[in-house]
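A.B. asks: Got a file for you: upload_1.cif, mmCIF, C-alpha atoms.
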```
data_run
loop_
_atom_site.group_PDB
_atom_site.id
_atom_site.type_symbol
_atom_site.label_atom_id
_atom_site.label_comp_id
_atom_site.auth_asym_id
_atom_site.auth_seq_id
_atom_site.Cartn_x
_atom_site.Cartn_y
_atom_site.Cartn_z
ATOM 1 C CA MET A 1 -20.542 2.182 9.777
ATOM 2 C CA PRO A 2 -22.583 4.173 7.151
ATOM 3 C CA ALA A 3 -26.247 3.274 6.717
ATOM 4 C CA LEU A 4 -26.990 0.607 4.136
ATOM 5 C CA PRO A 5 -28.135 1.806 0.694
ATOM 6 C CA ALA A 6 -31.884 2.279 0.439
ATOM 7 C CA PHE A 7 -32.243 -0.458 -2.207
ATOM 8 C CA LEU A 8 -30.824 -3.003 0.217
ATOM 9 C CA ARG A 9 -33.119 -1.923 3.014
ATOM 10 C CA ARG A 10 -36.137 -2.215 0.688
ATOM 11 C CA SER A 11 -35.347 -5.500 -1.020
ATOM 12 C CA ALA A 12 -33.719 -7.622 1.655
ATOM 13 C CA PRO A 13 -35.961 -9.823 3.749
ATOM 14 C CA GLN A 14 -33.254 -9.508 6.385
ATOM 15 C CA PRO A 15 -30.716 -6.704 6.800
ATOM 16 C CA LEU A 16 -27.137 -7.233 5.806
ATOM 17 C CA PRO A 17 -24.860 -7.728 8.809
ATOM 18 C CA GLU A 18 -22.327 -5.096 9.789
ATOM 19 C CA PHE A 19 -19.705 -7.859 9.920
ATOM 20 C CA PHE A 20 -19.085 -11.003 7.874
ATOM 21 C CA GLU A 21 -17.223 -13.882 9.516
ATOM 22 C CA ILE A 22 -14.413 -15.629 7.638
ATOM 23 C CA GLU A 23 -11.857 -17.979 9.189
ATOM 24 C CA GLY A 24 -13.025 -17.010 12.658
ATOM 25 C CA ARG A 25 -12.577 -13.281 11.985
ATOM 26 C CA ALA A 26 -15.469 -10.822 11.916
ATOM 27 C CA LEU A 27 -14.641 -8.440 9.067
ATOM 28 C CA PRO A 28 -16.455 -5.091 8.715
ATOM 29 C CA LEU A 29 -18.761 -5.135 5.683
ATOM 30 C CA ARG A 30 -19.479 -2.116 3.475
ATOM 31 C CA VAL A 31 -21.755 -2.369 0.430
ATOM 32 C CA ARG A 32 -21.950 0.397 -2.171
ATOM 33 C CA GLU A 33 -24.389 0.654 -5.083
ATOM 34 C CA HIS A 34 -22.912 2.037 -8.301
ATOM 35 C CA ALA A 35 -25.055 2.958 -11.300
ATOM 36 C CA GLY A 36 -22.357 1.847 -13.749
ATOM 37 C CA ALA A 37 -21.661 -1.521 -12.126
ATOM 38 C CA ARG A 38 -22.559 -4.591 -14.184
ATOM 39 C CA ARG A 39 -21.436 -7.203 -11.683
ATOM 40 C CA LEU A 40 -20.492 -7.537 -8.029
ATOM 41 C CA VAL A 41 -16.922 -6.565 -7.197
ATOM 42 C CA LEU A 42 -15.260 -7.528 -3.921
ATOM 43 C CA ARG A 43 -12.240 -5.849 -2.362
ATOM 44 C CA LEU A 44 -10.461 -6.347 0.922
ATOM 45 C CA SER A 45 -9.076 -3.065 2.254
ATOM 46 C CA PRO A 46 -5.648 -2.936 3.943
ATOM 47 C CA SER A 47 -7.429 -2.473 7.281
ATOM 48 C CA GLY A 48 -9.438 -5.688 6.783
ATOM 49 C CA GLU A 49 -12.779 -4.221 5.660
ATOM 50 C CA LEU A 50 -14.818 -6.089 3.041
ATOM 51 C CA ARG A 51 -16.016 -3.679 0.355
ATOM 52 C CA VAL A 52 -18.595 -4.831 -2.177
ATOM 53 C CA THR A 53 -19.636 -2.701 -5.156
ATOM 54 C CA VAL A 54 -22.958 -3.827 -6.626
ATOM 55 C CA PRO A 55 -25.250 -2.923 -9.550
ATOM 56 C CA PRO A 56 -28.510 -1.090 -8.802
ATOM 57 C CA ARG A 57 -31.290 -3.096 -7.152
ATOM 58 C CA THR A 58 -29.046 -5.998 -6.124
ATOM 59 C CA ARG A 59 -30.755 -8.023 -3.410
ATOM 60 C CA ALA A 60 -29.129 -8.546 -0.022
ATOM 61 C CA ALA A 61 -29.367 -12.317 -0.451
ATOM 62 C CA THR A 62 -27.328 -12.007 -3.653
ATOM 63 C CA VAL A 63 -24.625 -10.081 -1.803
ATOM 64 C CA LEU A 64 -24.459 -12.673 0.963
ATOM 65 C CA GLY A 65 -24.287 -15.535 -1.521
ATOM 66 C CA PHE A 66 -21.517 -13.743 -3.410
ATOM 67 C CA LEU A 67 -19.514 -13.317 -0.200
ATOM 68 C CA ASP A 68 -20.044 -16.954 0.730
ATOM 69 C CA ARG A 69 -18.688 -18.132 -2.646
ATOM 70 C CA HIS A 70 -15.588 -15.992 -2.209
ATOM 71 C CA ARG A 71 -14.644 -17.084 1.311
ATOM 72 C CA ALA A 72 -11.523 -18.892 0.096
ATOM 73 C CA TRP A 73 -10.345 -15.829 -1.830
ATOM 74 C CA VAL A 74 -10.751 -13.577 1.203
ATOM 75 C CA ALA A 75 -9.030 -16.107 3.467
ATOM 76 C CA GLY A 76 -6.067 -16.169 1.102
ATOM 77 C CA ARG A 77 -5.838 -12.384 1.084
ATOM 78 C CA LEU A 78 -5.970 -12.315 4.873
ATOM 79 C CA GLU A 79 -2.863 -14.506 4.985
ATOM 80 C CA VAL A 80 -0.995 -11.935 2.904
ATOM 81 C CA HIS A 81 -2.471 -8.868 4.617
ATOM 82 C CA PRO A 82 -3.203 -10.005 8.188
ATOM 83 C CA GLY A 83 -4.498 -6.592 9.282
ATOM 84 C CA ALA A 84 -3.428 -3.177 10.388
ATOM 85 C CA VAL A 85 -0.239 -2.801 12.433
ATOM 86 C CA ARG A 86 -0.117 0.123 14.818
ATOM 87 C CA VAL A 87 3.311 1.694 15.241
ATOM 88 C CA GLU A 88 4.221 1.765 18.924
ATOM 89 C CA ASP A 89 6.960 0.569 21.232
ATOM 90 C CA GLY A 90 7.642 -3.079 20.416
ATOM 91 C CA ALA A 91 6.070 -2.999 16.946
ATOM 92 C CA ILE A 92 7.902 -4.867 14.186
ATOM 93 C CA LEU A 93 8.019 -3.083 10.845
ATOM 94 C CA PRO A 94 9.173 -4.293 7.424
ATOM 95 C CA PHE A 95 12.234 -2.412 6.191
ATOM 96 C CA ARG A 96 14.296 -2.939 3.029
ATOM 97 C CA GLY A 97 13.267 -6.574 2.876
ATOM 98 C CA GLY A 98 14.017 -7.204 6.555
ATOM 99 C CA GLU A 99 12.468 -6.074 9.821
ATOM 100 C CA LEU A 100 12.924 -3.323 12.394
ATOM 101 C CA LEU A 101 11.871 -3.499 16.027
ATOM 102 C CA VAL A 102 10.603 -0.143 17.284
ATOM 103 C CA VAL A 103 12.339 0.631 20.592
ATOM 104 C CA HIS A 104 11.161 3.626 22.614
ATOM 105 C CA GLU A 105 13.903 5.424 24.538
ATOM 106 C CA PRO A 106 12.247 8.516 26.059
ATOM 107 C CA GLY A 107 15.538 10.332 26.678
ATOM 108 C CA ARG A 108 16.752 9.983 23.090
ATOM 109 C CA ARG A 109 16.841 13.240 21.133
ATOM 110 C CA ALA A 110 16.837 11.894 17.575
ATOM 111 C CA ALA A 111 15.390 8.717 16.099
ATOM 112 C CA ARG A 112 17.868 6.378 14.472
ATOM 113 C CA VAL A 113 17.763 3.228 12.388
ATOM 114 C CA GLU A 114 20.211 0.526 13.434
ATOM 115 C CA ALA A 115 19.720 -1.795 10.483
ATOM 116 C CA GLY A 116 22.464 -4.172 11.577
ATOM 117 C CA GLU A 117 20.742 -4.647 14.915
ATOM 118 C CA GLY A 118 17.271 -4.661 13.382
ATOM 119 C CA ARG A 119 16.102 -1.747 15.527
ATOM 120 C CA LEU A 120 14.617 1.689 15.122
ATOM 121 C CA LEU A 121 15.340 3.767 18.221
ATOM 122 C CA VAL A 122 12.912 6.604 18.872
ATOM 123 C CA GLY A 123 12.697 9.122 21.721
ATOM 124 C CA GLY A 124 10.206 11.685 22.980
ATOM 125 C CA GLU A 125 6.724 11.175 24.370
ATOM 126 C CA ARG A 126 5.014 7.842 23.834
ATOM 127 C CA ASP A 127 2.045 9.473 22.080
ATOM 128 C CA GLY A 128 4.213 10.696 19.214
ATOM 129 C CA ILE A 129 6.092 7.484 18.446
ATOM 130 C CA GLY A 130 4.249 6.764 15.197
ATOM 131 C CA ARG A 131 4.834 10.210 13.746
ATOM 132 C CA ARG A 132 8.539 10.207 14.623
ATOM 133 C CA VAL A 133 9.007 6.713 13.204
ATOM 134 C CA ALA A 134 7.302 7.848 9.976
ATOM 135 C CA ASP A 135 9.601 10.886 9.782
ATOM 136 C CA THR A 136 12.627 8.616 10.160
ATOM 137 C CA LEU A 137 11.428 6.241 7.444
ATOM 138 C CA LYS A 138 10.800 9.202 5.137
ATOM 139 C CA ARG A 139 14.423 10.279 5.510
ATOM 140 C CA GLU A 140 15.592 6.753 4.743
ATOM 141 C CA ALA A 141 13.238 6.554 1.762
ATOM 142 C CA ARG A 142 14.490 9.821 0.305
ATOM 143 C CA ARG A 143 18.075 8.602 0.625
ATOM 144 C CA ASP A 144 17.322 5.291 -1.122
ATOM 145 C CA LEU A 145 15.182 6.823 -3.854
ATOM 146 C CA GLN A 146 17.640 9.604 -4.624
ATOM 147 C CA ALA A 147 20.519 7.143 -4.791
ATOM 148 C CA GLU A 148 18.645 4.985 -7.299
ATOM 149 C CA VAL A 149 17.634 8.008 -9.385
ATOM 150 C CA ASP A 150 21.263 9.162 -9.460
ATOM 151 C CA ARG A 151 22.356 5.676 -10.562
ATOM 152 C CA LEU A 152 19.942 5.676 -13.507
ATOM 153 C CA VAL A 153 20.566 9.238 -14.719
ATOM 154 C CA PRO A 154 23.740 8.429 -16.718
ATOM 155 C CA ILE A 155 22.153 5.260 -18.118
ATOM 156 C CA LEU A 156 19.004 7.041 -19.267
ATOM 157 C CA GLY A 157 20.650 10.347 -20.131
ATOM 158 C CA LEU A 158 17.841 12.283 -18.459
ATOM 159 C CA ARG A 159 17.463 13.819 -15.007
ATOM 160 C CA PRO A 160 14.193 14.621 -13.203
ATOM 161 C CA SER A 161 13.590 18.230 -12.220
ATOM 162 C CA ALA A 162 12.510 17.312 -8.667
ATOM 163 C CA LEU A 163 11.840 14.394 -6.338
ATOM 164 C CA SER A 164 9.101 14.494 -3.704
ATOM 165 C CA LEU A 165 7.611 12.075 -1.198
ATOM 166 C CA LYS A 166 3.910 11.432 -0.658
ATOM 167 C CA ASP A 167 1.701 8.957 1.182
ATOM 168 C CA THR A 168 -0.824 8.100 -1.507
ATOM 169 C CA ARG A 169 -2.746 4.825 -1.659
ATOM 170 C CA SER A 170 -3.828 5.089 -5.284
ATOM 171 C CA ARG A 171 -0.336 4.938 -6.794
ATOM 172 C CA TRP A 172 3.235 4.241 -5.708
ATOM 173 C CA GLY A 173 4.842 6.815 -7.948
ATOM 174 C CA SER A 174 4.221 9.386 -10.643
ATOM 175 C CA CYS A 175 6.047 11.470 -13.236
ATOM 176 C CA SER A 176 4.633 14.833 -14.315
ATOM 177 C CA ALA A 177 5.011 16.555 -17.664
ATOM 178 C CA GLU A 178 7.458 18.879 -15.888
ATOM 179 C CA ARG A 179 9.646 15.837 -15.110
ATOM 180 C CA ARG A 180 8.818 15.914 -11.396
ATOM 181 C CA LEU A 181 8.966 12.492 -9.767
ATOM 182 C CA SER A 182 6.839 11.613 -6.747
ATOM 183 C CA PHE A 183 7.059 8.433 -4.703
ATOM 184 C CA SER A 184 5.249 6.915 -1.760
ATOM 185 C CA TRP A 185 7.773 6.934 1.071
ATOM 186 C CA ARG A 186 6.388 3.589 2.264
ATOM 187 C CA ILE A 187 8.334 1.915 -0.546
ATOM 188 C CA VAL A 188 11.378 1.926 1.776
ATOM 189 C CA MET A 189 9.648 -0.852 3.715
ATOM 190 C CA ALA A 190 9.591 -3.080 0.604
ATOM 191 C CA PRO A 191 12.539 -5.221 -0.538
ATOM 192 C CA PRO A 192 15.206 -3.225 -2.433
ATOM 193 C CA PRO A 193 14.411 -4.819 -5.839
ATOM 194 C CA VAL A 194 10.869 -3.458 -5.546
ATOM 195 C CA LEU A 195 12.166 0.050 -4.903
ATOM 196 C CA ARG A 196 14.524 -0.290 -7.861
ATOM 197 C CA TYR A 197 11.614 -1.286 -10.097
ATOM 198 C CA LEU A 198 9.514 1.650 -8.914
ATOM 199 C CA VAL A 199 12.277 4.162 -9.626
ATOM 200 C CA ALA A 200 12.960 2.599 -13.032
ATOM 201 C CA HIS A 201 9.247 2.796 -13.856
ATOM 202 C CA GLU A 202 9.028 6.516 -13.136
ATOM 203 C CA MET A 203 12.410 7.311 -14.680
ATOM 204 C CA ALA A 204 11.319 5.528 -17.878
ATOM 205 C CA HIS A 205 8.411 7.959 -18.061
ATOM 206 C CA LEU A 206 10.926 10.780 -18.563
ATOM 207 C CA ARG A 207 11.344 9.377 -22.071
ATOM 208 C CA GLU A 208 8.074 7.486 -22.604
ATOM 209 C CA MET A 209 5.030 9.221 -21.088
ATOM 210 C CA ASN A 210 2.790 6.200 -21.672
ATOM 211 C CA HIS A 211 2.618 2.467 -21.015
ATOM 212 C CA ALA A 212 3.205 1.346 -24.599
ATOM 213 C CA PRO A 213 5.521 -1.604 -25.388
ATOM 214 C CA ALA A 214 8.458 0.799 -25.829
ATOM 215 C CA PHE A 215 7.951 2.022 -22.279
ATOM 216 C CA TRP A 216 7.996 -1.479 -20.795
ATOM 217 C CA ALA A 217 11.043 -2.418 -22.844
ATOM 218 C CA LEU A 218 12.878 0.615 -21.446
ATOM 219 C CA CYS A 219 11.675 -0.168 -17.925
ATOM 220 C CA ARG A 220 13.057 -3.710 -18.178
ATOM 221 C CA GLU A 221 16.317 -2.371 -19.559
ATOM 222 C CA LEU A 222 16.672 -0.067 -16.548
ATOM 223 C CA CYS A 223 15.504 -2.744 -14.114
ATOM 224 C CA PRO A 224 15.686 -6.464 -15.011
ATOM 225 C CA GLU A 225 13.588 -7.111 -11.868
ATOM 226 C CA THR A 226 10.578 -5.287 -13.344
ATOM 227 C CA GLU A 227 8.189 -8.259 -13.420
ATOM 228 C CA ALA A 228 9.037 -9.352 -9.893
ATOM 229 C CA GLY A 229 8.687 -5.781 -8.616
ATOM 230 C CA ARG A 230 5.297 -5.307 -10.240
ATOM 231 C CA ASP A 231 4.085 -8.624 -8.866
ATOM 232 C CA TRP A 232 5.264 -7.808 -5.336
ATOM 233 C CA LEU A 233 3.425 -4.485 -5.312
ATOM 234 C CA ARG A 234 0.239 -6.122 -6.613
ATOM 235 C CA ARG A 235 0.314 -8.885 -4.016
ATOM 236 C CA ARG A 236 1.984 -7.268 -1.025
ATOM 237 C CA GLY A 237 1.813 -3.521 -1.455
ATOM 238 C CA GLY A 238 -1.426 -3.254 0.498
ATOM 239 C CA SER A 239 0.287 -4.597 3.607
ATOM 240 C CA LEU A 240 2.485 -1.482 3.732
ATOM 241 C CA HIS A 241 -0.565 0.787 3.585
ATOM 242 C CA ALA A 242 -2.080 -1.172 6.469
ATOM 243 C CA ILE A 243 0.620 0.107 8.836
ATOM 244 C CA ASP A 244 -0.884 2.822 11.033
ATOM 245 C CA PHE A 245 1.565 5.538 12.041
ATOM 246 C CA GLY A 246 -1.089 7.447 13.975
#
```
What do you get writing this file as structure tokens?

C.D. replies:
Amino acid sequence: MPALPAFLRRSAPQPLPEFFEIEGRALPLRVREHAGARRLVLRLSPSGELRVTVPPRTRAATVLGFLDRHRAWVAGRLEVHPGAVRVEDGAILPFRGGELLVVHEPGRRAARVEAGEGRLLVGGERDGIGRRVADTLKREARRDLQAEVDRLVPILGLRPSALSLKDTRSRWGSCSAERRLSFSWRIVMAPPPVLRYLVAHEMAHLREMNHAPAFWALCRELCPETEAGRDWLRRRGGSLHAIDFG
């Protein structure tokens, strides 16, 4: 864990702990001073780390009191995002609104999703399971995303110039001025309506490069599930980033 900011070391009669216990769990604690901060801001990372941004010269006792008042909020978030999942033999992954059991078969040459059986079969050495599972999910994601783009093209009357996959945490999708669409491949692990919303959102940007009312009206026209999709990503999207593919 990085050293505590100097202002905390100077002002606190006792040092801040490296961990803060909530609901019987010791969560890593990271405090960051920001010159532009006007209040304390608390975030829970997908891996279960408590991150507090504070104004300059905030006392350690103030930070601890702030955390204590927000115990219920953190506990609620922990129920939604219970912590990182490491991809290995026997891991259970979300997939298109359901689940896949990762099954390691060393002699298998190619990984394969058996959605009807709820399994993802993967071969090769045990150390590379996570990477090969990720590669398989990327192929499935590209198939789903491309199919949804193709469905919307005749409705919108516009076609993107390219479609690429990324693994960004800051955004689920993007549309460039050159009409290039990018998506986080992890969206394939979300329920299908969420993927449909994400594609509709970025496709709508082909016509409306903003988030004005006209954009949202078009987004809802392309995807009636827009509100539900946005809400799911706000509440549950972090759980997909918490999955560790190694």

A.B. asks: When the PyMOL selection byres ((chain A and resi 195-202) around 8) is applied to the structure above, which residues does it catch, written out as a PyMOL selection string?

C.D. replies: chain A and resi 145+148-149+152+172-175+181+187-188+190-194+203-206+219+222-223+225-226+229-230

A.B. asks: Identify which of the residues A:Ala162, A:Arg77, A:Val31, A:Val87 lies closest to A:Thr62, counting only C-alpha atoms when measuring atom-to-atom distances.

C.D. replies: A:Val31

A.B. asks: Any chance you could work out the residue set of the PyMOL selection byres ((chain A and resi 105-119) around 10) here, as an MDAnalysis selection string?

C.D. replies: chainID A and resid 89:90 92:93 95:96 98:104 120:126 129 132:133 135:137 140

A.B. asks: Selected by the PyMOL selection byres ((chain A and resi 245) around 7) in the shown coordinates: which residues, as a list in words?

C.D. replies: Arg86, Val87, Gly130, Arg131, Ala134, Ile243, Asp244 and Gly246 of chain A

A.B. asks: Near A:Leu40, counting all atoms listed in the file, which residues have an atom at most 9 Å away, once you skip same-chain residues fewer than 3 positions from it, shown as a PDB file with C-alpha atoms, keeping the file's coordinate frame?

C.D. replies:
```pdb
ATOM      1  CA  ALA A  37     -21.661  -1.521 -12.126  1.00  0.00           C
ATOM      2  CA  VAL A  52     -18.595  -4.831  -2.177  1.00  0.00           C
ATOM      3  CA  THR A  53     -19.636  -2.701  -5.156  1.00  0.00           C
ATOM      4  CA  VAL A  54     -22.958  -3.827  -6.626  1.00  0.00           C
ATOM      5  CA  PRO A  55     -25.250  -2.923  -9.550  1.00  0.00           C
ATOM      6  CA  THR A  58     -29.046  -5.998  -6.124  1.00  0.00           C
ATOM      7  CA  VAL A  63     -24.625 -10.081  -1.803  1.00  0.00           C
ATOM      8  CA  PHE A  66     -21.517 -13.743  -3.410  1.00  0.00           C
TER       9      PHE A  66
END
```

A.B. asks: Within 7 Å of A:Pro28, counting all atoms listed in the file, which residues show up once you throw out same-chain ones fewer than 2 positions away? Write them as a PyMOL selection string, please.

C.D. replies: chain A and resi 18-20+26+30+49-50

A.B. asks: Would you work out the distance separating atom CA of A:Ser164 from atom CA of A:Trp232, expressed in Å to one decimal?

C.D. replies: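 For atom CA of A:Ser164 relative to atom CA of A:Trp232, the distance reads 22.7 Å.
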
A.B. asks: With only C-alpha atoms as the basis for distance, which of A:Gly48, A:Pro213, A:Gly157, A:Pro224 is at the shortest distance from A:Glu79?

C.D. replies: A:Gly48

A.B. asks: Separation of atom CA of A:Leu29 and atom CA of A:Trp185, in Å?

C.D. replies: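 Going from atom CA of A:Leu29 over to atom CA of A:Trp185 covers 29.5 Å.
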